[in-house]
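Q: The file below is structure.txt, compact mmCIF, C-alpha atoms:
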```
# COMPACT_ATOMS: atom_id res chain seq x y z
CA MET M 1 20.29 7.40 12.48
CA SER M 2 20.53 4.24 10.41
CA ARG M 3 18.64 1.17 11.55
CA GLU M 4 19.13 -2.12 9.77
CA PRO M 5 16.23 -4.34 8.71
CA VAL M 6 15.97 -7.80 10.26
CA PRO M 7 14.54 -11.06 8.87
CA TRP M 8 10.74 -11.33 8.85
CA THR M 9 9.71 -14.22 11.11
CA ASP M 10 6.64 -16.40 11.56
CA ALA M 11 6.08 -14.64 14.88
CA ASP M 12 5.94 -11.32 13.02
CA ARG M 13 3.39 -12.80 10.62
CA ASP M 14 1.28 -13.96 13.57
CA THR M 15 1.46 -10.49 15.11
CA THR M 16 0.11 -8.92 11.90
CA LEU M 17 -2.67 -11.50 11.59
CA ARG M 18 -3.74 -11.08 15.21
CA ALA M 19 -3.94 -7.32 14.68
CA ILE M 20 -6.53 -7.46 11.90
CA GLY M 21 -9.22 -9.44 13.73
CA PHE M 22 -10.94 -12.76 13.18
CA ALA M 23 -12.80 -12.22 9.89
CA ASN M 24 -9.96 -10.44 8.11
CA ARG M 25 -7.55 -13.11 9.38
CA GLN M 26 -9.65 -15.86 7.73
CA ILE M 27 -9.74 -13.91 4.47
CA VAL M 28 -6.07 -12.89 4.32
CA THR M 29 -4.81 -16.34 5.32
CA ALA M 30 -6.94 -18.06 2.65
CA TRP M 31 -6.04 -15.54 -0.04
CA THR M 32 -2.32 -15.76 0.74
CA ALA M 33 -2.39 -19.58 0.59
CA ARG M 34 -4.28 -19.53 -2.72
CA GLU M 35 -1.77 -17.39 -4.61
CA PRO M 36 0.23 -19.63 -6.96
CA GLU M 37 4.02 -19.75 -6.90
CA ARG M 38 5.15 -17.52 -9.71
CA GLU M 39 8.22 -16.10 -11.29
CA ILE M 40 8.98 -12.83 -9.55
CA PRO M 41 9.80 -9.97 -11.94
CA TRP M 42 12.99 -8.09 -11.19
CA THR M 43 14.63 -4.87 -12.29
CA PRO M 44 17.85 -4.07 -10.40
CA LEU M 45 18.24 -0.46 -9.37
CA ALA M 46 20.52 0.90 -12.07
CA LYS M 47 21.71 4.06 -10.32
CA PRO M 48 22.44 5.33 -6.82
CA LEU M 49 19.50 6.45 -4.68
CA ASN M 50 20.72 10.04 -4.73
CA ASP M 51 20.41 10.06 -8.52
CA ALA M 52 17.09 8.17 -8.77
CA ARG M 53 13.61 9.56 -9.39
CA VAL M 54 10.96 8.15 -7.05
CA ALA M 55 7.20 7.77 -7.49
CA LEU M 56 4.73 6.66 -4.82
CA VAL M 57 1.71 4.40 -5.32
CA SER M 58 -0.78 4.36 -2.45
CA SER M 59 -3.81 2.06 -2.26
CA ALA M 60 -5.55 4.50 0.11
CA ALA M 61 -7.82 5.96 -2.62
CA ILE M 62 -6.33 9.44 -2.42
CA ALA M 63 -7.86 12.00 -4.81
CA LEU M 64 -7.32 15.74 -5.07
CA ARG M 65 -10.27 17.70 -3.72
CA ASP M 66 -11.07 19.06 -7.20
CA ASP M 67 -10.65 15.66 -8.89
CA THR M 68 -13.40 13.03 -9.31
CA PRO M 69 -13.63 11.12 -6.03
CA PHE M 70 -13.44 7.33 -6.01
CA ASP M 71 -16.90 5.79 -6.37
CA GLN M 72 -18.10 4.92 -2.88
CA GLU M 73 -21.76 4.94 -3.88
CA GLY M 74 -21.21 2.12 -6.37
CA GLU M 75 -19.62 0.01 -3.64
CA ARG M 76 -22.51 0.74 -1.28
CA ARG M 77 -24.92 -0.48 -3.98
CA ASN M 78 -22.82 -3.61 -4.63
CA PRO M 79 -20.48 -4.40 -1.72
CA TRP M 80 -18.64 -7.01 -3.82
CA TRP M 81 -17.49 -4.26 -6.22
CA GLY M 82 -14.69 -1.71 -5.83
CA ASP M 83 -13.76 1.28 -8.03
CA PRO M 84 -10.86 0.05 -10.24
CA THR M 85 -9.71 3.47 -11.47
CA PHE M 86 -6.70 5.47 -10.29
CA ARG M 87 -5.85 9.11 -9.66
CA VAL M 88 -2.71 11.12 -10.29
CA VAL M 89 -1.56 12.93 -7.15
CA PRO M 90 0.92 15.73 -7.97
CA ARG M 91 4.16 15.94 -6.00
CA ASP M 92 3.24 19.11 -4.13
CA THR M 93 -0.01 17.66 -2.73
CA ARG M 94 -0.20 18.03 1.05
CA THR M 95 -2.63 17.11 3.83
CA GLY M 96 -5.89 18.94 3.18
CA ASP M 97 -5.39 19.13 -0.60
CA ALA M 98 -6.69 15.59 -1.09
CA VAL M 99 -9.17 13.18 0.46
CA SER M 100 -9.27 9.42 0.94
CA CYS M 101 -12.34 7.54 -0.30
CA HIS M 102 -11.49 4.05 0.98
CA MET M 103 -14.16 2.60 3.25
CA HIS M 104 -11.90 -0.27 4.41
CA ILE M 105 -9.35 1.91 6.17
CA ASP M 106 -9.50 4.48 8.93
CA MET M 107 -10.00 7.54 6.72
CA SER M 108 -9.38 9.88 9.65
CA VAL M 109 -5.66 9.01 9.35
CA PRO M 110 -5.01 10.52 5.88
CA ARG M 111 -7.39 13.36 6.72
CA ARG M 112 -5.12 14.29 9.65
CA ASP M 113 -1.82 13.48 7.89
CA LEU M 114 -1.55 12.39 4.27
CA ASP M 115 2.02 11.22 4.90
CA SER M 116 0.85 8.35 7.12
CA VAL M 117 -0.29 6.63 3.90
CA MET M 118 1.30 8.63 1.06
CA PRO M 119 4.54 10.32 2.18
CA LEU M 120 4.81 13.13 -0.37
CA ALA M 121 6.09 15.70 2.14
CA ARG M 122 8.65 13.22 3.52
CA LEU M 123 9.81 12.35 -0.01
CA ALA M 124 10.24 16.05 -0.78
CA GLU M 125 12.44 16.31 2.33
CA LEU M 126 14.56 13.37 1.16
CA GLU M 127 14.96 15.15 -2.17
CA SER M 128 16.04 18.36 -0.41
CA GLU M 129 18.64 16.60 1.68
CA GLY M 130 19.95 14.69 -1.36
CA PHE M 131 18.99 11.23 -0.10
CA VAL M 132 17.11 10.61 -3.37
CA GLY M 133 17.58 12.29 -6.73
CA SER M 134 14.03 13.60 -7.05
CA SER M 135 10.38 13.13 -6.28
CA ALA M 136 8.58 12.50 -9.60
CA PRO M 137 6.11 15.15 -10.86
CA SER M 138 3.25 12.61 -10.55
CA HIS M 139 2.33 10.04 -7.94
CA TYR M 140 -0.59 7.61 -7.98
CA SER M 141 -3.39 6.22 -5.88
CA PHE M 142 -6.07 3.59 -6.29
CA MET M 143 -8.61 2.04 -3.96
CA GLY M 144 -7.31 -1.19 -2.49
CA TYR M 145 -10.57 -3.11 -2.02
CA ILE M 146 -10.98 -4.74 -5.44
CA LEU M 147 -12.03 -8.36 -5.35
CA LYS M 148 -11.87 -8.79 -9.14
CA PRO M 149 -8.77 -6.84 -10.19
CA LYS M 150 -8.99 -7.42 -13.97
CA GLU M 151 -9.71 -3.80 -14.89
CA LEU M 152 -7.19 -2.46 -12.36
CA LEU M 153 -4.46 -4.70 -13.77
CA GLU M 154 -5.34 -4.36 -17.45
CA ARG M 155 -6.13 -0.64 -17.61
CA SER M 156 -5.12 1.32 -14.52
CA VAL M 157 -1.69 -0.19 -13.86
CA PRO M 158 -0.49 0.04 -17.50
CA ALA M 159 -1.62 3.67 -17.61
CA MET M 160 0.34 4.43 -14.42
CA ILE M 161 3.41 2.70 -15.86
CA ARG M 162 3.20 4.70 -19.10
CA GLN M 163 3.16 7.98 -17.20
CA MET M 164 5.99 6.86 -14.90
CA LYS M 165 8.16 5.96 -17.89
CA ALA M 166 7.34 9.26 -19.61
CA GLU M 167 8.44 11.11 -16.45
CA GLY M 168 11.71 9.18 -16.08
CA VAL M 169 10.84 7.31 -12.89
CA ASP M 170 13.44 4.81 -11.59
CA ILE M 171 11.92 3.67 -8.27
CA VAL M 172 8.32 2.98 -7.30
CA VAL M 173 7.46 2.79 -3.60
CA LEU M 174 4.24 0.79 -3.25
CA VAL M 175 2.30 1.54 -0.10
CA PRO M 176 -0.60 -0.87 0.39
CA VAL M 177 -2.87 0.07 3.28
CA MET U 1 6.21 -2.50 -13.19
CA GLU U 2 9.43 -4.44 -12.78
CA ALA U 3 8.91 -5.91 -16.26
CA ALA U 4 8.68 -2.33 -17.57
CA GLY U 5 12.07 -1.46 -16.06
CA LEU U 6 10.95 0.09 -12.78
CA SER U 7 12.51 -1.01 -9.47
CA THR U 8 9.78 -1.41 -6.86
CA VAL U 9 9.64 -1.83 -3.12
CA ALA U 10 6.47 -2.44 -1.10
CA LEU U 11 6.07 -1.12 2.44
CA SER U 12 3.48 -3.41 3.97
CA THR U 13 1.72 -4.07 7.26
CA LEU U 14 0.77 -7.52 5.84
CA PRO U 15 4.01 -8.50 4.10
CA ASP U 16 3.25 -12.23 3.81
CA PHE U 17 0.18 -11.33 1.75
CA THR U 18 2.07 -8.71 -0.29
CA ARG U 19 4.83 -11.21 -0.98
CA SER U 20 2.33 -13.87 -2.10
CA VAL U 21 1.14 -11.77 -5.05
CA GLY U 22 4.67 -11.55 -6.46
CA ALA U 23 6.15 -8.33 -5.09
CA PRO U 24 9.93 -8.61 -5.52
CA ARG U 25 11.01 -6.53 -2.49
CA VAL U 26 8.79 -6.41 0.57
CA ALA U 27 9.58 -4.32 3.63
CA GLY U 28 7.32 -5.49 6.44
CA ILE U 29 6.52 -3.15 9.28
CA LEU U 30 4.69 -3.76 12.57
CA HIS U 31 2.46 -0.72 12.25
CA PRO U 32 -1.35 -0.78 12.24
CA MET U 33 -3.15 -1.35 8.96
CA GLY U 34 -3.95 1.99 7.38
CA GLN U 35 -0.93 3.88 8.76
CA PRO U 36 2.13 2.13 7.31
CA LEU U 37 4.46 5.15 7.48
CA GLY U 38 3.55 5.95 11.05
CA ALA U 39 1.09 7.90 13.11
CA PRO U 40 -0.32 11.24 11.93
CA GLY U 41 2.02 14.05 12.92
CA ASN U 42 5.07 11.85 13.47
CA ALA U 43 7.12 13.36 10.66
CA GLU U 44 10.44 12.17 12.07
CA GLY U 45 9.25 8.56 12.28
CA GLN U 46 7.68 8.69 8.81
CA ARG U 47 10.92 10.03 7.35
CA GLU U 48 12.98 7.23 8.95
CA VAL U 49 10.53 4.59 7.70
CA LEU U 50 10.67 5.95 4.15
CA LYS U 51 14.47 6.08 4.27
CA ALA U 52 14.70 2.51 5.60
CA THR U 53 12.33 1.35 2.84
CA LEU U 54 14.50 2.96 0.15
CA ARG U 55 17.72 1.64 1.71
CA PHE U 56 16.27 -1.87 1.66
CA LEU U 57 15.48 -1.46 -2.05
CA ASP U 58 18.99 -0.23 -2.69
CA ALA U 59 20.53 -3.20 -0.83
CA ALA U 60 18.28 -5.96 -2.27
CA ARG U 61 20.14 -8.16 -4.73
CA SER U 62 17.63 -10.85 -5.66
CA PRO U 63 13.84 -11.15 -6.02
CA GLY U 64 11.64 -12.35 -3.20
CA GLY U 65 13.33 -10.56 -0.33
CA MET U 66 11.20 -9.85 2.74
CA VAL U 67 12.47 -8.07 5.84
CA ARG U 68 11.11 -6.34 8.92
CA LEU U 69 11.98 -2.70 9.29
CA PRO U 70 12.99 -2.12 12.92
CA PHE U 71 10.20 0.20 14.03
CA ASP U 72 7.79 -0.40 16.90
CA TRP U 73 4.33 0.84 17.74
CA PRO U 74 3.71 2.23 21.23
CA VAL U 75 0.83 -0.17 21.98
CA PRO U 76 0.22 -3.79 20.90
CA LEU U 77 -1.19 -3.79 17.37
CA HIS U 78 -4.28 -5.79 18.27
CA ARG U 79 -5.24 -3.04 20.73
CA VAL U 80 -5.09 -0.21 18.18
CA LYS U 81 -8.55 1.29 17.81
CA TRP U 82 -10.14 1.71 14.40
CA HIS U 83 -12.10 4.89 13.83
CA GLY U 84 -14.76 4.61 11.20
CA ASP U 85 -17.78 2.67 10.05
CA PRO U 86 -17.57 -0.93 8.92
CA PRO U 87 -17.24 -1.18 5.12
CA PRO U 88 -20.30 -2.13 3.03
CA ILE U 89 -19.17 -5.75 2.61
CA ALA U 90 -19.04 -6.20 6.40
CA ARG U 91 -22.59 -4.92 6.85
CA HIS U 92 -23.70 -7.02 3.87
CA LEU U 93 -22.24 -10.20 5.33
CA ILE U 94 -23.48 -9.64 8.87
CA LEU U 95 -26.98 -9.94 7.41
CA ARG U 96 -25.98 -12.82 5.08
CA PRO U 97 -23.34 -14.84 6.95
CA TRP U 98 -23.76 -17.80 4.58
CA LEU U 99 -21.99 -15.70 1.91
CA PHE U 100 -18.82 -15.24 4.01
CA PRO U 101 -17.20 -18.46 2.64
CA ARG U 102 -17.51 -17.02 -0.88
CA LEU U 103 -15.40 -14.04 0.18
CA VAL U 104 -12.82 -16.33 1.83
CA SER U 105 -12.65 -18.69 -1.15
CA GLY U 106 -12.56 -15.91 -3.75
CA ASP U 107 -15.84 -17.03 -5.36
CA ILE U 108 -16.95 -13.45 -5.93
CA PRO U 109 -20.49 -12.80 -7.26
CA ASP U 110 -20.65 -11.14 -10.66
CA HIS U 111 -20.51 -7.36 -10.69
CA ARG U 112 -23.65 -5.29 -11.04
```
Now that the file is in, can you turn its structure into structure tokens?
A:
Amino acid sequence: MSREPVPWTDADRDTTLRAIGFANRQIVTAWTAREPEREIPWTPLAKPLNDARVALVSSAAIALRDDTPFDQEGERRNPWWGDPTFRVVPRDTRTGDAVSCHMHIDMSVPRRDLDSVMPLARLAELESEGFVGSSAPSHYSFMGYILKPKELLERSVPAMIRQMKAEGVDIVVLVPV
Amino acid sequence: MEAAGLSTVALSTLPDFTRSVGAPRVAGILHPMGQPLGAPGNAEGQREVLKATLRFLDAARSPGGMVRLPFDWPVPLHRVKWHGDPPPIARHLILRPWLFPRLVSGDIPDHR
């Protein structure tokens, strides 16, 4: 079944803002308005989907069970701080292999089904049916509550990009939560 | 990432916000925050959302595109219940409401 996207409307925006509650609405509206107009970077997709390698980036703070968890204790000590590091999540990771350490989302969702926030199983299916060329060996997650993103942008993101390039990634699906 | 030669697409439940920080292709979806692909266990729905996201990337021809993927949620989004404790900043600000404007304005206190 193929369903076509439709234009995003102001009514859709209002629906999303109503859904997140009063305090979050104040914050998101102010932050959105404060972002400067900027030149938007652009790389056209250079090959067909069924030849492209795809990596996922989830902001749901997903870490393998035997990896170092994201630092929740530091955020409890200083609620204005968020862990700016990232984790590699291998392509075969499935629900139960990894945990979410993101206190701003409903962590019961990824605990019950990782693919609600980081669709590694679904991507593997799209690879099997030939919809995409391949799921990359490595995928990535960071914790999305970071009020001062300097370290995330200057250290974590470049490190993710280096590994993506080394693994021949063509497409990155960003999944903010 | 785009500057490094990677083609990106964002699947977002707050696409206006995602767009504002410079994402070149934004697929908005009217799903609850924290479950952008779909509800736990709904593999079929998640697969269709991921396919639609990738098709949108494939079809996009210029930066700044923002669309709505045609998927619904079974109940109104503002009625979706959130399971979990409030985050530390919420508890912090309930006790210190005079600091809330600093969070809204982005005047964030220095770390540690």
Q: Just want the 10 Å neighbourhood of region 98-108 of chain M, counted on all atoms listed in the file, with same-chain residues fewer than 4 positions away dropped. Output as a ChimeraX atom specification.
A: /M:59-67,69-72,75-76,82-83,89,93-94,112-114,117,141-145,177 /U:33-35,40,81-90
Q: Generate a file of the selected residues that holds C-alpha atoms, formatted as a PDB file, in the coordinates of the input.
A:
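File out-v6.pdb, as written:
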```pdb
ATOM      1  CA  SER M  59      -3.810   2.060  -2.260  1.00  0.00           C
ATOM      2  CA  ALA M  60      -5.550   4.500   0.110  1.00  0.00           C
ATOM      3  CA  ALA M  61      -7.820   5.960  -2.620  1.00  0.00           C
ATOM      4  CA  ILE M  62      -6.330   9.440  -2.420  1.00  0.00           C
ATOM      5  CA  ALA M  63      -7.860  12.000  -4.810  1.00  0.00           C
ATOM      6  CA  LEU M  64      -7.320  15.740  -5.070  1.00  0.00           C
ATOM      7  CA  ARG M  65     -10.270  17.700  -3.720  1.00  0.00           C
ATOM      8  CA  ASP M  66     -11.070  19.060  -7.200  1.00  0.00           C
ATOM      9  CA  ASP M  67     -10.650  15.660  -8.890  1.00  0.00           C
ATOM     10  CA  PRO M  69     -13.630  11.120  -6.030  1.00  0.00           C
ATOM     11  CA  PHE M  70     -13.440   7.330  -6.010  1.00  0.00           C
ATOM     12  CA  ASP M  71     -16.900   5.790  -6.370  1.00  0.00           C
ATOM     13  CA  GLN M  72     -18.100   4.920  -2.880  1.00  0.00           C
ATOM     14  CA  GLU M  75     -19.620   0.010  -3.640  1.00  0.00           C
ATOM     15  CA  ARG M  76     -22.510   0.740  -1.280  1.00  0.00           C
ATOM     16  CA  GLY M  82     -14.690  -1.710  -5.830  1.00  0.00           C
ATOM     17  CA  ASP M  83     -13.760   1.280  -8.030  1.00  0.00           C
ATOM     18  CA  VAL M  89      -1.560  12.930  -7.150  1.00  0.00           C
ATOM     19  CA  THR M  93      -0.010  17.660  -2.730  1.00  0.00           C
ATOM     20  CA  ARG M  94      -0.200  18.030   1.050  1.00  0.00           C
ATOM     21  CA  ARG M 112      -5.120  14.290   9.650  1.00  0.00           C
ATOM     22  CA  ASP M 113      -1.820  13.480   7.890  1.00  0.00           C
ATOM     23  CA  LEU M 114      -1.550  12.390   4.270  1.00  0.00           C
ATOM     24  CA  VAL M 117      -0.290   6.630   3.900  1.00  0.00           C
ATOM     25  CA  SER M 141      -3.390   6.220  -5.880  1.00  0.00           C
ATOM     26  CA  PHE M 142      -6.070   3.590  -6.290  1.00  0.00           C
ATOM     27  CA  MET M 143      -8.610   2.040  -3.960  1.00  0.00           C
ATOM     28  CA  GLY M 144      -7.310  -1.190  -2.490  1.00  0.00           C
ATOM     29  CA  TYR M 145     -10.570  -3.110  -2.020  1.00  0.00           C
ATOM     30  CA  VAL M 177      -2.870   0.070   3.280  1.00  0.00           C
TER      31      VAL M 177
ATOM     32  CA  MET U  33      -3.150  -1.350   8.960  1.00  0.00           C
ATOM     33  CA  GLY U  34      -3.950   1.990   7.380  1.00  0.00           C
ATOM     34  CA  GLN U  35      -0.930   3.880   8.760  1.00  0.00           C
ATOM     35  CA  PRO U  40      -0.320  11.240  11.930  1.00  0.00           C
ATOM     36  CA  LYS U  81      -8.550   1.290  17.810  1.00  0.00           C
ATOM     37  CA  TRP U  82     -10.140   1.710  14.400  1.00  0.00           C
ATOM     38  CA  HIS U  83     -12.100   4.890  13.830  1.00  0.00           C
ATOM     39  CA  GLY U  84     -14.760   4.610  11.200  1.00  0.00           C
ATOM     40  CA  ASP U  85     -17.780   2.670  10.050  1.00  0.00           C
ATOM     41  CA  PRO U  86     -17.570  -0.930   8.920  1.00  0.00           C
ATOM     42  CA  PRO U  87     -17.240  -1.180   5.120  1.00  0.00           C
ATOM     43  CA  PRO U  88     -20.300  -2.130   3.030  1.00  0.00           C
ATOM     44  CA  ILE U  89     -19.170  -5.750   2.610  1.00  0.00           C
ATOM     45  CA  ALA U  90     -19.040  -6.200   6.400  1.00  0.00           C
TER      46      ALA U  90
END
```
Q: Go ahead and compute the interatomic distance for CA of Ala27 (chain U) and CA of Arg47 (chain U), in Å to one decimal.
A: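 CA of Arg47 (chain U) lies 14.9 Å from CA of Ala27 (chain U).
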Q: Using Å and a single decimal, report how far CA of Gly106 (chain U) sits from CA of Ala19 (chain M).
A: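 Straight-line distance from CA of Ala19 (chain M) to CA of Gly106 (chain U) works out to 22.1 Å.
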Q: Just the number, please: distance in Å from CA of Ala43 (chain U) to CA of Val80 (chain U), one decimal.
A: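 If I compute the distance from CA of Ala43 (chain U) to CA of Val80 (chain U), I get 19.7 Å.
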Q: I'd like the contact shell of Val175 (chain M) - 9 Å cut-off, all atoms listed in the file, skipping same-chain residues fewer than 4 positions apart - returned as a ChimeraX atom specification.
A: /M:56-60,117-118 /U:9-12,36-37
Q: Write out as a list in words each polymer residue whose atoms come within 8 Å of Asp58 (chain U), counting all atoms listed in the file; drop sequence neighbours fewer than 4 positions from it.
A: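 Final neighbour list, sorted by chain and number: Leu45, Pro48 and Leu49 of chain M; Leu54 of chain U.
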Q: Show me, as JSON, the centre and edge lengths in Å to one decimal of the axis-aligned box that covers every listed atom of region 46-58 of chain U with 5 Å on each side.
A:
```
{"center_x": 13.3, "center_y": 4.1, "center_z": 3.1, "size_x": 21.3, "size_y": 21.9, "size_z": 21.6}
```
Q: Nearest residue to Asn50 (chain M) out of M:Ile27, M:Val6, M:Val132, M:Ile20, using only C-alpha atoms?
A: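 Checking each of M:Ile27, M:Val6, M:Val132, M:Ile20 against Asn50 (chain M), counting only C-alpha atoms, the winner is M:Val132.
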Q: Considering all atoms listed in the file, return as number ranges by chain whatever protein or nucleic-acid residues lie within 10 Å of Pro158 (chain M), sequence-local ones (same chain, fewer than 6 positions apart) excluded.
A: M: 152, 164; U: 1, 4
Q: Could you add the missing atoms to region 93-120 of chain M, up to N, CA and C atoms, and return them as a PDB file, keeping the file's coordinate frame?
A:
```
ATOM      1  N   THR M  93       1.229  17.871  -3.484  1.00  0.00           N
ATOM      2  CA  THR M  93      -0.010  17.660  -2.730  1.00  0.00           C
ATOM      3  C   THR M  93       0.317  17.454  -1.239  1.00  0.00           C
ATOM      4  N   ARG M  94      -0.419  18.141  -0.391  1.00  0.00           N
ATOM      5  CA  ARG M  94      -0.200  18.030   1.050  1.00  0.00           C
ATOM      6  C   ARG M  94      -1.519  17.752   1.752  1.00  0.00           C
ATOM      7  N   THR M  95      -1.441  17.383   3.029  1.00  0.00           N
ATOM      8  CA  THR M  95      -2.630  17.110   3.830  1.00  0.00           C
ATOM      9  C   THR M  95      -3.628  18.264   3.658  1.00  0.00           C
ATOM     10  N   GLY M  96      -4.874  17.920   3.387  1.00  0.00           N
ATOM     11  CA  GLY M  96      -5.890  18.940   3.180  1.00  0.00           C
ATOM     12  C   GLY M  96      -6.165  19.223   1.712  1.00  0.00           C
ATOM     13  N   ASP M  97      -5.178  18.936   0.849  1.00  0.00           N
ATOM     14  CA  ASP M  97      -5.390  19.130  -0.600  1.00  0.00           C
ATOM     15  C   ASP M  97      -6.138  17.960  -1.216  1.00  0.00           C
ATOM     16  N   ALA M  98      -6.148  16.819  -0.517  1.00  0.00           N
ATOM     17  CA  ALA M  98      -6.690  15.590  -1.090  1.00  0.00           C
ATOM     18  C   ALA M  98      -7.486  14.854  -0.020  1.00  0.00           C
ATOM     19  N   VAL M  99      -8.367  13.976  -0.473  1.00  0.00           N
ATOM     20  CA  VAL M  99      -9.170  13.180   0.460  1.00  0.00           C
ATOM     21  C   VAL M  99      -8.984  11.700   0.141  1.00  0.00           C
ATOM     22  N   SER M 100      -9.249  10.863   1.136  1.00  0.00           N
ATOM     23  CA  SER M 100      -9.270   9.420   0.940  1.00  0.00           C
ATOM     24  C   SER M 100     -10.716   8.964   0.839  1.00  0.00           C
ATOM     25  N   CYS M 101     -10.991   8.081  -0.109  1.00  0.00           N
ATOM     26  CA  CYS M 101     -12.340   7.540  -0.300  1.00  0.00           C
ATOM     27  C   CYS M 101     -12.274   6.018  -0.231  1.00  0.00           C
ATOM     28  N   HIS M 102     -11.715   5.490   0.847  1.00  0.00           N
ATOM     29  CA  HIS M 102     -11.490   4.050   0.980  1.00  0.00           C
ATOM     30  C   HIS M 102     -12.193   3.602   2.256  1.00  0.00           C
ATOM     31  N   MET M 103     -13.327   2.917   2.097  1.00  0.00           N
ATOM     32  CA  MET M 103     -14.160   2.600   3.250  1.00  0.00           C
ATOM     33  C   MET M 103     -13.630   1.436   4.079  1.00  0.00           C
ATOM     34  N   HIS M 104     -12.476   0.865   3.670  1.00  0.00           N
ATOM     35  CA  HIS M 104     -11.900  -0.270   4.410  1.00  0.00           C
ATOM     36  C   HIS M 104     -10.719   0.152   5.276  1.00  0.00           C
ATOM     37  N   ILE M 105     -10.416   1.425   5.288  1.00  0.00           N
ATOM     38  CA  ILE M 105      -9.350   1.910   6.170  1.00  0.00           C
ATOM     39  C   ILE M 105      -9.918   3.002   7.069  1.00  0.00           C
ATOM     40  N   ASP M 106      -9.125   3.384   8.039  1.00  0.00           N
ATOM     41  CA  ASP M 106      -9.500   4.480   8.930  1.00  0.00           C
ATOM     42  C   ASP M 106      -9.194   5.793   8.194  1.00  0.00           C
ATOM     43  N   MET M 107     -10.225   6.358   7.560  1.00  0.00           N
ATOM     44  CA  MET M 107     -10.000   7.540   6.720  1.00  0.00           C
ATOM     45  C   MET M 107      -9.633   8.785   7.523  1.00  0.00           C
ATOM     46  N   SER M 108      -9.788   8.719   8.843  1.00  0.00           N
ATOM     47  CA  SER M 108      -9.380   9.880   9.650  1.00  0.00           C
ATOM     48  C   SER M 108      -7.857  10.022   9.650  1.00  0.00           C
ATOM     49  N   VAL M 109      -7.135   8.936   9.349  1.00  0.00           N
ATOM     50  CA  VAL M 109      -5.660   9.010   9.350  1.00  0.00           C
ATOM     51  C   VAL M 109      -5.161   9.906   8.220  1.00  0.00           C
ATOM     52  N   PRO M 110      -5.476   9.614   6.943  1.00  0.00           N
ATOM     53  CA  PRO M 110      -5.010  10.520   5.880  1.00  0.00           C
ATOM     54  C   PRO M 110      -5.632  11.917   5.951  1.00  0.00           C
ATOM     55  N   ARG M 111      -6.801  12.031   6.565  1.00  0.00           N
ATOM     56  CA  ARG M 111      -7.390  13.360   6.720  1.00  0.00           C
ATOM     57  C   ARG M 111      -6.524  14.203   7.659  1.00  0.00           C
ATOM     58  N   ARG M 112      -5.967  13.552   8.701  1.00  0.00           N
ATOM     59  CA  ARG M 112      -5.120  14.290   9.650  1.00  0.00           C
ATOM     60  C   ARG M 112      -3.702  14.436   9.130  1.00  0.00           C
ATOM     61  N   ASP M 113      -3.208  13.421   8.385  1.00  0.00           N
ATOM     62  CA  ASP M 113      -1.820  13.480   7.890  1.00  0.00           C
ATOM     63  C   ASP M 113      -1.696  12.551   6.689  1.00  0.00           C
ATOM     64  N   LEU M 114      -1.665  13.167   5.521  1.00  0.00           N
ATOM     65  CA  LEU M 114      -1.550  12.390   4.270  1.00  0.00           C
ATOM     66  C   LEU M 114      -0.315  11.490   4.298  1.00  0.00           C
ATOM     67  N   ASP M 115       0.751  11.958   4.943  1.00  0.00           N
ATOM     68  CA  ASP M 115       2.020  11.220   4.900  1.00  0.00           C
ATOM     69  C   ASP M 115       1.995   9.898   5.663  1.00  0.00           C
ATOM     70  N   SER M 116       0.958   9.661   6.473  1.00  0.00           N
ATOM     71  CA  SER M 116       0.850   8.350   7.120  1.00  0.00           C
ATOM     72  C   SER M 116       0.581   7.253   6.105  1.00  0.00           C
ATOM     73  N   VAL M 117      -0.007   7.625   4.951  1.00  0.00           N
ATOM     74  CA  VAL M 117      -0.290   6.630   3.900  1.00  0.00           C
ATOM     75  C   VAL M 117       0.392   6.955   2.581  1.00  0.00           C
ATOM     76  N   MET M 118       0.710   8.220   2.338  1.00  0.00           N
ATOM     77  CA  MET M 118       1.300   8.630   1.060  1.00  0.00           C
ATOM     78  C   MET M 118       2.310   9.743   1.356  1.00  0.00           C
ATOM     79  N   PRO M 119       3.580   9.374   1.589  1.00  0.00           N
ATOM     80  CA  PRO M 119       4.540  10.320   2.180  1.00  0.00           C
ATOM     81  C   PRO M 119       5.151  11.299   1.171  1.00  0.00           C
ATOM     82  N   LEU M 120       4.312  12.160   0.616  1.00  0.00           N
ATOM     83  CA  LEU M 120       4.810  13.130  -0.370  1.00  0.00           C
ATOM     84  C   LEU M 120       5.670  14.218   0.276  1.00  0.00           C
TER      85      LEU M 120
END
```
